[in-house]
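Before any comments, here is the structure.
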Amino acid sequence: MKVLLLKEPKDRDSGPDPYIQELGLYGFEATLIPVLSFEFVSLQSFFEKLSHPDCYGGLIFTSPRAVEAAKLCLGENSKNETWRNSFKEKWNTKSTYVVGKATASLVEEIGLIPQGEKCGNAEKLARYICAREAPNSSPLLFPCGSLKREVLPTILKEKDISLECLTVYQTAQHPSLQESLKNYFSEQGIPESITFFSPSGVRFCLQHIQKFSGDFINQIKFAAIGPTTAEAIEVEGIPVSCTAENPTPQDLAAGLKKALHL
């Protein structure tokens, strides 16, 4: 049973993609198509802020890409040594809030201790933060992408929790997206299910999927990795058959199994 996942593969160096592996256990033949491309920006400014932990109440990472920006900042030997010998411990006296296991794992790689990974989305994480942070304290540093939603900043502002946002990556459509989708539909045919992994993925992909699937689009079960993405699909008038309970391979596989009546 063929399913299409609209996400980039996990780095080859770290082994097989966990979504491909998990879905394979359920008998799904999963294909990944990268949807987004990223350009890192403001890394020097980001490093300056990471070098002054005393100015902040903690960190917030809502995407793996933001943690990758931090890893790039710390890539030089001199910076990495300073981080390990001084700044890391100071940041670990504060909270590092994250969404999802993938982000949490990357945060651990740079020596920080993640909190809130089970929240699943930015809105739930914002509520989690509000329950733990005092109003009008030092700001939380929030490295983010150019397409970040305002849900988390809005909720924190309502509770007088200070936030300092810094855009550390720009998001754009992957240059080969249209060609990859065209090739998939011409070679593999119509998949049983298509899973979106971000609202921007919905925006960049849906028109191409509608074009290449034609009248067969109603046969496809559309799935979302979380409620924010599900909402973006529904806004386009497409019914969502499955929303993963948490943004993990296990929860997506279980959701697809149920949606496809396996």
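Lettering and numbering for the structure tokens are positional, with chains as A, B, ... in the shown order, residues counted from 1 in each chain, and ligands counted from 1 in the shown order.
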If you count only C-alpha atoms, which residues fall within 12 Å of Gly116 in chain A, apart from same-chain ones fewer than 2 positions away, as a PyMOL selection string? chain A and resi 59-62+95-101+103-104+113-114+118-132
Can you spit out the residues from that selection as a compact mmCIF listing (two decimals), in the first residue's frame, using N, CA, C and O atoms?
```txt
# COMPACT_ATOMS: atom_id res chain seq x y z
N LEU A 59 15.28 29.21 26.68
CA LEU A 59 15.27 29.06 25.22
C LEU A 59 13.99 28.34 24.78
O LEU A 59 13.43 27.53 25.53
N ILE A 60 13.56 28.64 23.55
CA ILE A 60 12.44 27.92 22.95
C ILE A 60 12.85 27.47 21.55
O ILE A 60 13.28 28.28 20.73
N PHE A 61 12.71 26.17 21.29
CA PHE A 61 12.95 25.62 19.95
C PHE A 61 11.68 24.90 19.50
O PHE A 61 11.29 23.91 20.13
N THR A 62 11.04 25.36 18.43
CA THR A 62 9.83 24.69 17.95
C THR A 62 10.07 23.92 16.66
O THR A 62 9.13 23.38 16.09
N SER A 95 15.35 26.95 31.53
CA SER A 95 14.55 25.97 30.79
C SER A 95 14.81 26.08 29.29
O SER A 95 14.93 27.19 28.76
N THR A 96 14.87 24.93 28.63
CA THR A 96 14.90 24.88 27.17
C THR A 96 13.65 24.14 26.72
O THR A 96 13.53 22.93 26.89
N TYR A 97 12.71 24.89 26.18
CA TYR A 97 11.41 24.33 25.79
C TYR A 97 11.44 23.89 24.32
O TYR A 97 11.97 24.60 23.47
N VAL A 98 10.83 22.73 24.04
CA VAL A 98 10.86 22.20 22.67
C VAL A 98 9.50 21.60 22.30
O VAL A 98 8.70 21.25 23.18
N VAL A 99 9.28 21.49 20.98
CA VAL A 99 8.13 20.75 20.45
C VAL A 99 8.65 19.50 19.75
O VAL A 99 9.47 19.60 18.84
N GLY A 100 8.20 18.33 20.18
CA GLY A 100 8.48 17.09 19.46
C GLY A 100 9.79 16.42 19.80
O GLY A 100 10.75 17.04 20.25
N LYS A 101 9.81 15.11 19.54
CA LYS A 101 10.98 14.30 19.87
C LYS A 101 12.19 14.62 19.00
O LYS A 101 13.33 14.58 19.46
N THR A 103 13.08 17.47 17.66
CA THR A 103 13.71 18.69 18.16
C THR A 103 14.41 18.43 19.48
O THR A 103 15.53 18.89 19.71
N ALA A 104 13.77 17.66 20.34
CA ALA A 104 14.35 17.35 21.64
C ALA A 104 15.68 16.61 21.48
O ALA A 104 16.66 16.89 22.18
N ILE A 113 19.08 20.41 28.04
CA ILE A 113 18.08 19.48 28.57
C ILE A 113 16.69 19.97 28.14
O ILE A 113 16.22 21.01 28.62
N PRO A 114 16.04 19.25 27.21
CA PRO A 114 14.74 19.71 26.70
C PRO A 114 13.60 19.48 27.67
O PRO A 114 13.61 18.53 28.44
N LYS A 118 6.58 16.56 24.69
CA LYS A 118 5.33 15.83 24.44
C LYS A 118 4.15 16.75 24.14
O LYS A 118 3.04 16.27 23.89
N CYS A 119 4.38 18.05 24.17
CA CYS A 119 3.28 19.00 23.91
C CYS A 119 2.73 18.84 22.50
O CYS A 119 1.54 19.02 22.28
N GLY A 120 3.57 18.55 21.53
CA GLY A 120 3.08 18.23 20.19
C GLY A 120 2.91 19.38 19.23
O GLY A 120 3.07 19.22 18.03
N ASN A 121 2.57 20.57 19.74
CA ASN A 121 2.47 21.73 18.85
C ASN A 121 2.73 23.01 19.64
O ASN A 121 2.83 23.00 20.88
N ALA A 122 2.85 24.12 18.91
CA ALA A 122 3.26 25.39 19.53
C ALA A 122 2.23 25.89 20.55
O ALA A 122 2.61 26.45 21.58
N GLU A 123 0.95 25.69 20.26
CA GLU A 123 -0.08 26.17 21.19
C GLU A 123 0.01 25.45 22.53
O GLU A 123 -0.02 26.07 23.61
N LYS A 124 0.15 24.12 22.50
CA LYS A 124 0.26 23.36 23.74
C LYS A 124 1.55 23.71 24.48
O LYS A 124 1.56 23.80 25.71
N LEU A 125 2.63 23.92 23.72
CA LEU A 125 3.89 24.30 24.36
C LEU A 125 3.75 25.66 25.03
O LEU A 125 4.27 25.87 26.15
N ALA A 126 3.05 26.59 24.39
CA ALA A 126 2.86 27.92 24.98
C ALA A 126 2.14 27.81 26.33
O ALA A 126 2.51 28.47 27.30
N ARG A 127 1.11 26.95 26.39
CA ARG A 127 0.38 26.75 27.66
C ARG A 127 1.31 26.14 28.71
O ARG A 127 1.26 26.50 29.89
N TYR A 128 2.12 25.21 28.27
CA TYR A 128 3.09 24.55 29.16
C TYR A 128 4.07 25.58 29.73
O TYR A 128 4.37 25.58 30.94
N ILE A 129 4.55 26.48 28.87
CA ILE A 129 5.48 27.52 29.31
C ILE A 129 4.81 28.47 30.30
O ILE A 129 5.39 28.83 31.34
N CYS A 130 3.57 28.84 29.99
CA CYS A 130 2.85 29.79 30.86
C CYS A 130 2.66 29.25 32.27
O CYS A 130 2.62 30.01 33.24
N ALA A 131 2.56 27.92 32.36
CA ALA A 131 2.37 27.30 33.68
C ALA A 131 3.66 27.27 34.49
O ALA A 131 3.64 27.02 35.70
N ARG A 132 4.80 27.56 33.83
CA ARG A 132 6.10 27.42 34.49
C ARG A 132 6.90 28.70 34.62
O ARG A 132 7.82 28.78 35.42
```
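Residues in contact range of Pro9 in chain A, defined as at most 9 Å between only C-alpha atoms, with sequence neighbours fewer than 6 positions away removed, read Pro16, Asp17, Tyr19, Leu32, Ile33 and Pro34 of chain A.
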Requested write-out: N, CA and C atoms of the selected residues, as a short mmCIF file (atom, residue, chain, number, x, y, z; two decimals), in the first residue's frame:
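Result written to part39.cif:
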```
data_model
loop_
_atom_site.label_atom_id
_atom_site.label_comp_id
_atom_site.auth_asym_id
_atom_site.auth_seq_id
_atom_site.Cartn_x
_atom_site.Cartn_y
_atom_site.Cartn_z
N PRO A 16 18.51 4.98 8.49
CA PRO A 16 17.26 5.05 7.73
C PRO A 16 16.27 6.05 8.35
N ASP A 17 15.42 6.63 7.50
CA ASP A 17 14.43 7.56 8.02
C ASP A 17 13.43 6.80 8.92
N TYR A 19 10.38 7.38 9.75
CA TYR A 19 9.01 7.26 9.23
C TYR A 19 8.93 6.12 8.21
N LEU A 32 9.33 9.49 0.42
CA LEU A 32 9.52 10.86 0.91
C LEU A 32 9.81 11.79 -0.25
N ILE A 33 9.19 12.96 -0.24
CA ILE A 33 9.51 14.01 -1.21
C ILE A 33 9.78 15.29 -0.42
N PRO A 34 10.99 15.84 -0.54
CA PRO A 34 11.29 17.10 0.16
C PRO A 34 10.45 18.25 -0.39
#
```
Set out as JSON lines a contact list for range 228-254 of chain A and range 141-158 of chain A with a cut-off of 12 Å, giving each residue of range 228-254 of chain A that qualifies its closest atom pair and distance in Å to one decimal, counting only C-alpha atoms, ordered by chain and rising residue number.
```
{"residue": "A:Thr228", "atom": "CA", "partner": "A:Arg149", "partner_atom": "CA", "distance": 9.6}
{"residue": "A:Thr229", "atom": "CA", "partner": "A:Arg149", "partner_atom": "CA", "distance": 11.4}
{"residue": "A:Ala232", "atom": "CA", "partner": "A:Arg149", "partner_atom": "CA", "distance": 11.8}
```
Export of prior selection with all heavy atoms as a CSV table (one decimal), in the first residue's frame:
```csv
chain,number,residue,atom,x,y,z
A,228,THR,N,-2.2,21.8,13.7
A,228,THR,CA,-1.9,23.0,12.9
A,228,THR,C,-1.9,22.8,11.4
A,228,THR,O,-2.5,23.5,10.6
A,228,THR,CB,-0.6,23.7,13.3
A,228,THR,OG1,-0.6,23.9,14.7
A,228,THR,CG2,-0.4,25.0,12.6
A,229,THR,N,-1.2,21.7,11.0
A,229,THR,CA,-1.2,21.3,9.6
A,229,THR,C,-2.5,20.8,9.2
A,229,THR,O,-2.9,21.1,8.0
A,229,THR,CB,-0.1,20.2,9.5
A,229,THR,OG1,1.2,20.7,9.9
A,229,THR,CG2,0.0,19.8,8.0
A,232,ALA,N,-4.6,23.7,8.2
A,232,ALA,CA,-4.2,24.3,6.9
A,232,ALA,C,-4.8,23.5,5.8
A,232,ALA,O,-5.1,24.1,4.7
A,232,ALA,CB,-2.7,24.4,6.9
```
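Considering the residues A:Asn85, A:Gln250, A:Gln173, A:Ser213 and counting only C-alpha atoms, Glu8 in chain A has its shortest atom-to-atom contact with A:Gln173.
Nearest-residue note for Asn136 in chain A: choosing from A:Leu112, A:Ile225, A:Leu163, A:Leu181, the minimum distance belongs to A:Leu163, counting only C-alpha atoms.
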Residue set, range 82-185 of chain A restricted to strand (DSSP E), as a PyMOL selection string: chain A and resi 95-98+114-115+140-145+163-173
Interatomic distance, CA of Pro191 in chain A to CA of Leu4 in chain A (Å, one decimal): 6.5 Å
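The gap separating CA of Ala102 in chain A from CA of Cys55 in chain A is 27.2 Å, in Å to one decimal.
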